[in-house]
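Have a look at work_9.txt; it's compact mmCIF, C-alpha atoms:
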# COMPACT_ATOMS: atom_id res chain seq x y z
CA MET A 1 28.09 -5.05 -5.37
CA VAL A 2 25.45 -3.85 -7.85
CA THR A 3 24.41 -0.22 -8.11
CA ILE A 4 21.82 1.36 -10.32
CA SER A 5 22.98 4.19 -12.53
CA MET A 6 20.63 4.81 -15.44
CA VAL A 7 17.11 5.23 -16.76
CA ASP A 8 15.87 1.96 -18.17
CA ILE A 9 13.52 1.84 -21.18
CA VAL A 10 11.46 -1.33 -21.18
CA ALA A 11 9.58 -2.71 -24.17
CA ARG A 12 6.01 -3.37 -23.17
CA ARG A 13 3.07 -4.70 -25.15
CA GLY A 14 1.80 -1.80 -27.23
CA GLY A 15 4.54 0.69 -26.42
CA THR A 16 7.38 1.54 -24.10
CA ILE A 17 7.53 2.82 -20.57
CA ALA A 18 10.46 4.49 -18.88
CA ARG A 19 11.45 3.46 -15.39
CA LYS A 20 13.48 5.95 -13.43
CA ARG A 21 16.05 4.36 -11.20
CA GLN A 22 17.88 6.16 -8.49
CA ILE A 23 21.54 6.70 -9.25
CA GLY A 24 23.95 4.74 -7.05
CA ARG A 25 21.30 2.98 -4.98
CA LEU A 26 22.81 -0.02 -3.18
CA PRO A 27 20.81 -3.22 -2.57
CA GLU A 28 20.71 -2.48 1.19
CA ALA A 29 18.83 0.75 0.45
CA TYR A 30 15.74 -1.33 -0.46
CA LEU A 31 15.67 -3.03 2.94
CA PRO A 32 13.76 -4.13 4.85
CA LEU A 33 11.49 -5.70 2.27
CA PRO A 34 7.82 -6.33 2.97
CA PRO A 35 7.30 -10.07 3.58
CA ALA A 36 5.20 -10.56 0.41
CA THR A 37 7.92 -8.90 -1.67
CA PHE A 38 10.63 -11.14 -0.24
CA HIS A 39 8.49 -14.23 -0.87
CA ILE A 40 8.08 -13.17 -4.51
CA LEU A 41 11.82 -12.62 -4.93
CA LEU A 42 12.46 -16.02 -3.33
CA ALA A 43 10.07 -17.67 -5.77
CA LEU A 44 11.74 -15.97 -8.74
CA ALA A 45 15.20 -17.04 -7.55
CA ASP A 46 14.27 -20.47 -8.99
CA GLY A 47 13.78 -18.95 -12.46
CA GLU A 48 11.08 -17.42 -14.63
CA LEU A 49 7.53 -17.83 -13.36
CA HIS A 50 4.07 -16.52 -14.14
CA GLY A 51 1.87 -15.01 -11.44
CA TYR A 52 -0.14 -18.10 -10.55
CA ALA A 53 3.05 -20.18 -10.28
CA ILE A 54 4.52 -17.56 -7.94
CA MET A 55 1.42 -17.78 -5.70
CA LYS A 56 1.58 -21.59 -5.67
CA GLY A 57 5.33 -21.58 -4.96
CA VAL A 58 4.97 -19.20 -2.02
CA ALA A 59 2.17 -21.28 -0.51
CA ALA A 60 4.14 -24.52 -0.97
CA ARG A 61 7.42 -23.12 0.42
CA SER A 62 5.64 -21.75 3.49
CA GLU A 63 3.59 -24.94 3.90
CA GLY A 64 0.42 -22.88 3.51
CA ALA A 65 1.33 -20.30 6.16
CA VAL A 66 1.65 -17.57 3.52
CA ARG A 67 -0.89 -17.23 0.75
CA LEU A 68 -0.59 -14.31 -1.64
CA GLY A 69 -3.87 -13.18 -3.14
CA PRO A 70 -3.95 -11.77 -6.66
CA GLY A 71 -4.24 -8.19 -5.40
CA THR A 72 -1.20 -8.48 -3.16
CA LEU A 73 0.82 -10.35 -5.79
CA TYR A 74 0.18 -8.04 -8.72
CA THR A 75 0.51 -4.84 -6.67
CA ALA A 76 3.90 -6.08 -5.43
CA LEU A 77 4.95 -7.19 -8.93
CA LYS A 78 4.03 -3.75 -10.31
CA ARG A 79 6.23 -2.12 -7.65
CA LEU A 80 9.06 -4.60 -8.33
CA LEU A 81 8.86 -3.87 -12.07
CA GLU A 82 8.91 -0.11 -11.46
CA THR A 83 11.97 -0.34 -9.21
CA GLY A 84 13.79 -2.66 -11.61
CA LEU A 85 14.09 -5.62 -9.24
CA VAL A 86 11.99 -7.82 -11.53
CA GLU A 87 11.45 -7.73 -15.26
CA GLU A 88 8.86 -9.20 -17.54
CA CYS A 89 10.30 -11.91 -19.76
CA GLY A 90 10.11 -11.49 -23.50
CA GLU A 91 9.21 -14.31 -25.82
CA ARG A 92 9.31 -17.72 -24.16
CA ALA A 93 11.24 -20.48 -25.89
CA ASP A 94 8.60 -23.15 -25.25
CA ARG A 95 5.11 -21.69 -25.65
CA GLU A 96 3.56 -25.05 -26.46
CA GLY A 97 0.87 -25.90 -23.93
CA ASP A 98 1.21 -22.47 -22.30
CA ASP A 99 -1.47 -19.78 -22.12
CA GLU A 100 -0.43 -16.78 -24.26
CA ARG A 101 -1.98 -14.38 -21.76
CA ARG A 102 0.41 -15.38 -19.02
CA ARG A 103 3.15 -12.92 -18.24
CA TYR A 104 6.38 -14.38 -16.98
CA TYR A 105 8.69 -12.57 -14.57
CA ARG A 106 12.32 -12.97 -13.61
CA LEU A 107 14.77 -11.36 -11.22
CA THR A 108 17.10 -8.71 -12.55
CA PRO A 109 20.72 -8.72 -11.34
CA VAL A 110 19.78 -5.92 -8.93
CA GLY A 111 16.76 -7.92 -7.76
CA LEU A 112 18.98 -10.90 -7.00
CA SER A 113 21.37 -8.64 -5.05
CA VAL A 114 18.47 -7.20 -3.05
CA ALA A 115 17.09 -10.69 -2.31
CA ARG A 116 20.53 -11.79 -1.10
CA ALA A 117 20.89 -8.66 1.06
CA GLU A 118 17.47 -9.28 2.64
CA ALA A 119 18.34 -12.94 3.28
CA ARG A 120 21.56 -11.85 5.04
CA ARG A 121 19.61 -9.29 7.10
CA LEU A 122 17.06 -11.90 8.18
CA ASP A 123 19.81 -14.43 8.92
CA ALA A 124 21.49 -11.91 11.25
CA LEU A 125 18.17 -11.41 13.08
CA VAL A 126 17.71 -15.16 13.52
CA HIS A 127 21.26 -15.47 14.88
CA ALA A 128 20.57 -12.63 17.33
CA ALA A 129 17.34 -14.34 18.45
CA ARG A 130 19.26 -17.58 19.05
CA ARG A 131 21.91 -15.74 21.10
CA LYS A 132 19.10 -14.30 23.23
CA LYS A 133 17.64 -17.82 23.53
CA LEU A 134 14.38 -16.68 22.01
CA ILE A 135 14.51 -19.68 19.67
CA GLY A 136 16.46 -22.92 19.72
CA VAL A 137 20.23 -22.94 19.36
CA ARG A 138 20.01 -25.45 16.53
CA PRO A 139 18.27 -24.61 13.24
CA ALA A 140 14.64 -25.77 13.20

Just give me the structure as structure tokens.
Amino acid sequence: MVTISMVDIVARRGGTIARKRQIGRLPEAYLPLPPATFHILLALADGELHGYAIMKGVAARSEGAVRLGPGTLYTALKRLLETGLVEECGERADREGDDERRRYYRLTPVGLSVARAEARRLDALVHAARRKKLIGVRPA
């Protein structure tokens, strides 16, 4: 189980910013996550992505049912950065053919723990709905 126990200083273009993290906060303390936030964490579970790739991945995974606009995406990413669930990647190994202006994001270990905790929470809700025969007994 991952807990947060320090103030994190993050290098940022043109300076540094300090992010205050709550001491001893367990992943379950972040739950429930807003749907857009969970979709972003799911997208980043595949690896480092830039904003547009996150939007495309969410739309593809949801078969178009969920479409994150830039305002929703970047507001959520700002919150995720501030809480330490996501971090901006430093220098990319392969910048060839990539736009320098793109910022890439990845899950932190705490972010991965929170995503897993939310997935378990949602799984328990789906199981409860199946027991109540609100949805099919077999996975869709």

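You will find atom CA of A:Leu80 at 19.7 Å from atom CA of A:Leu122.
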
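Among the candidates A:Ala129, A:Leu73, A:Leu81, A:Cys89, the one nearest to A:Ala43 when counting only C-alpha atoms is A:Leu73.
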
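Rounded to one decimal, atom CA of A:Tyr52 and atom CA of A:Arg101 lie 12.0 Å from each other.
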
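One distance worth recording is that between atom CA of A:Lys132 and atom CA of A:Leu33, which is 23.9 Å.
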
Shortest contact to A:Glu48, candidates A:Gly84, A:Gly90, A:Gly64, A:Gly136, atoms counted only C-alpha atoms, goes to A:Gly90

Would you kindly return, as a short mmCIF file (atom, residue, chain, number, x, y, z; two decimals) with C-alpha atoms, in the coordinates of the input, each protein, DNA or RNA residue with an atom no farther than 12 Å from any atom of A:Pro27, considering only C-alpha atoms and excluding same-chain residues fewer than 6 positions away?
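Generated file (result11.cif):
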data_model
loop_
_atom_site.label_atom_id
_atom_site.label_comp_id
_atom_site.auth_asym_id
_atom_site.auth_seq_id
_atom_site.Cartn_x
_atom_site.Cartn_y
_atom_site.Cartn_z
CA MET A 1 28.09 -5.05 -5.37
CA VAL A 2 25.45 -3.85 -7.85
CA THR A 3 24.41 -0.22 -8.11
CA ILE A 4 21.82 1.36 -10.32
CA LEU A 33 11.49 -5.70 2.27
CA THR A 83 11.97 -0.34 -9.21
CA GLY A 84 13.79 -2.66 -11.61
CA LEU A 85 14.09 -5.62 -9.24
CA THR A 108 17.10 -8.71 -12.55
CA PRO A 109 20.72 -8.72 -11.34
CA VAL A 110 19.78 -5.92 -8.93
CA GLY A 111 16.76 -7.92 -7.76
CA LEU A 112 18.98 -10.90 -7.00
CA SER A 113 21.37 -8.64 -5.05
CA VAL A 114 18.47 -7.20 -3.05
CA ALA A 115 17.09 -10.69 -2.31
CA ARG A 116 20.53 -11.79 -1.10
CA ALA A 117 20.89 -8.66 1.06
CA GLU A 118 17.47 -9.28 2.64
CA ALA A 119 18.34 -12.94 3.28
CA ARG A 120 21.56 -11.85 5.04
CA ARG A 121 19.61 -9.29 7.10
#

Of the candidates A:His50, A:Arg61, A:His39, A:Lys56, which shows the shortest atom-to-atom distance to A:Glu88, using only C-alpha atoms?
->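 Distance minimum relative to A:Glu88 lands on A:His50.
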
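Across A:Leu31, A:Leu77, A:Ile40, A:Leu26, the tightest approach to A:Arg103 is made by A:Leu77 when counting only C-alpha atoms.
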
Of the listed residues A:Ala60, A:Ile54, A:Ala36, A:Glu100, that which approaches A:Thr75 most closely, counting only C-alpha atoms:
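Once distances to A:Thr75 are computed over only C-alpha atoms, the minimum belongs to A:Ala36.
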
Q. Taking into account only C-alpha atoms, which residue in the set A:Arg106, A:Lys78, A:Arg67, A:Lys133 is nearest to A:Gly47?
A.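 Looking at the shortest contact to A:Gly47, the residue is A:Arg106.
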